[in-house]
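**Student:** Take a look at the following structure, please.
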Amino acid sequence: MRTNLGELDKTNARLNEMEARVAGHEDKLQNTEDILSEMITTQEKLQLKLTALEAYSRRETLRLYGVPEGAESGSQSMTHFVEKLLRENLNIPSSTALQIQRAHRAPSSPPPDRSQPRSVLVKFLCFTVKEEVLKLAWQKKGFTWNNSKINLDHDYPPEIMAMRKEYAEARRILKEKSLRFRTLYPARLKVFYEEGAKTYNTVEEATADLASRGSR
């Protein structure tokens, strides 16, 4: 009997020791999870700041979409080609200095034939000039050059571009319904309904509301 009691005491002691170790490991695991959560939150905040800084660094740059590949081949340079293209199609007088510092295709491989051409990045010396050029282009809703539809927009960082592209389906539906809308910075959608304007902060919010209004 004494032997059995002794063995039982030893077993209980080992169990208590194991429970203490498990509890210790659980505490460490919880601390690790808390630290990891804090690191993720900090990383997300830093990424937002980095994206904002990158967006600011691109504030004097715009993108031209739809310019056929090789269209600039007969010009002295891409800069000269872009300036001539903008002046002639946006009715910008020669007395207005555009002050284009540089212009080039997006740094990627040329697309296959008949696919979407690479965008053209245009860097202006002055932010206000770039904004005025965009304003003129938006007022005309872009322009057609040599049977190609040319559109202009801000040069956004890749993260913002990806978020804005998520609204593509919602924008398609709005166009089909002839509803006016604007994509706001960084990635919000403002729709002008008959009863008034409404701004959506997420794609999910826009999709749900459009569905409630009878859109699929």
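In the structure tokens, chains take the letters A, B, ... in the order shown, each chain's residues start at 1, and ligands count up from 1 in the order shown.
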As a PyMOL selection string, please: the residues near segment 58-73 of chain A (cut-off 9 Å, only C-alpha atoms, same-chain neighbours under 2 positions excluded).
**Tutor:** chain A and resi 53-56+75-78+80-82+105-106+110-111+116-131+134+145+148-157
**Student:** Just asking: which residues within segment 64-165 of chain A are strand (DSSP E or B) according to DSSP, as a list in words?
**Tutor:**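 Selecting the strand (DSSP E or B) positions of segment 64-165 of chain A gives Leu64, Tyr65, Ile100, Gln101, Arg102, Ala103, His104, Arg105, Val120, Leu121, Val122, Lys123, Phe124, Phe143, Thr144, Trp145, Ser148, Lys149, Ile150, Asn151, Leu152, Asp153 and His154 of chain A.
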**Student:** Please identify which residues in segment 15-145 of chain A DSSP calls alpha helix (DSSP H) from the backbone, and express them as a PyMOL selection string.
**Tutor:** chain A and resi 15-57+78-90+127-139
**Student:** For atom CA of Ala206 of chain A and atom CA of Tyr167 of chain A, quote the distance in Å rounded to one decimal.
**Tutor:** 8.3 Å
**Student:** For Leu98 of chain A, which residue out of A:Asp113, A:Glu204, A:Glu7, A:Glu132 is the nearest one, using only C-alpha atoms?
**Tutor:** A:Glu132
**Student:** Using only C-alpha atoms, which residues of segment 83-187 of chain A come within 9 Å of segment 29-51 of chain A, and what is the closest atom pair for each, with the distance in Å to one decimal? Give it as CSV, sorted by chain and residue number.
**Tutor:**
```
residue,atom,partner,partner_atom,distance
A:Pro157,CA,A:Thr51,CA,6.8
A:Pro158,CA,A:Thr51,CA,8.8
A:Glu159,CA,A:Thr51,CA,7.3
A:Ile160,CA,A:Thr51,CA,8.0
```
**Student:** Compile the contact shell of segment 173-186 of chain A as a list of chain:residue names: residues with an atom at most 9 Å away, counting only C-alpha atoms, same-chain residues fewer than 5 positions apart removed.
**Tutor:** A:Tyr156, A:Ile160, A:Met161, A:Met163, A:Arg164, A:Tyr167, A:Ala168, A:Val191, A:Phe192, A:Tyr193, A:Ala197, A:Thr199, A:Leu210, A:Ser215, A:Arg216
**Student:** Looking at only C-alpha atoms, which of A:Thr207, A:Thr79, A:Asn89, A:Thr202 is the one that sits closest to Thr144 of chain A?
**Tutor:**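 Comparing A:Thr207, A:Thr79, A:Asn89, A:Thr202 against Thr144 of chain A, the winner is A:Asn89.
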**Student:** Of the residues A:Val22, A:Ala137, A:Ala52, A:Leu15, which is the one nearest to Ile92 of chain A, using only C-alpha atoms?
**Tutor:**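 Answer, going by the shortest atom-to-atom distance: A:Ala137.
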**Student:** Looking at A:Ala170, A:Met18, A:Leu136, A:Ala162, which one is nearest to Asp209 of chain A, with distances taken over only C-alpha atoms?
**Tutor:**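 Selected residue with least distance to Asp209 of chain A: A:Ala170.
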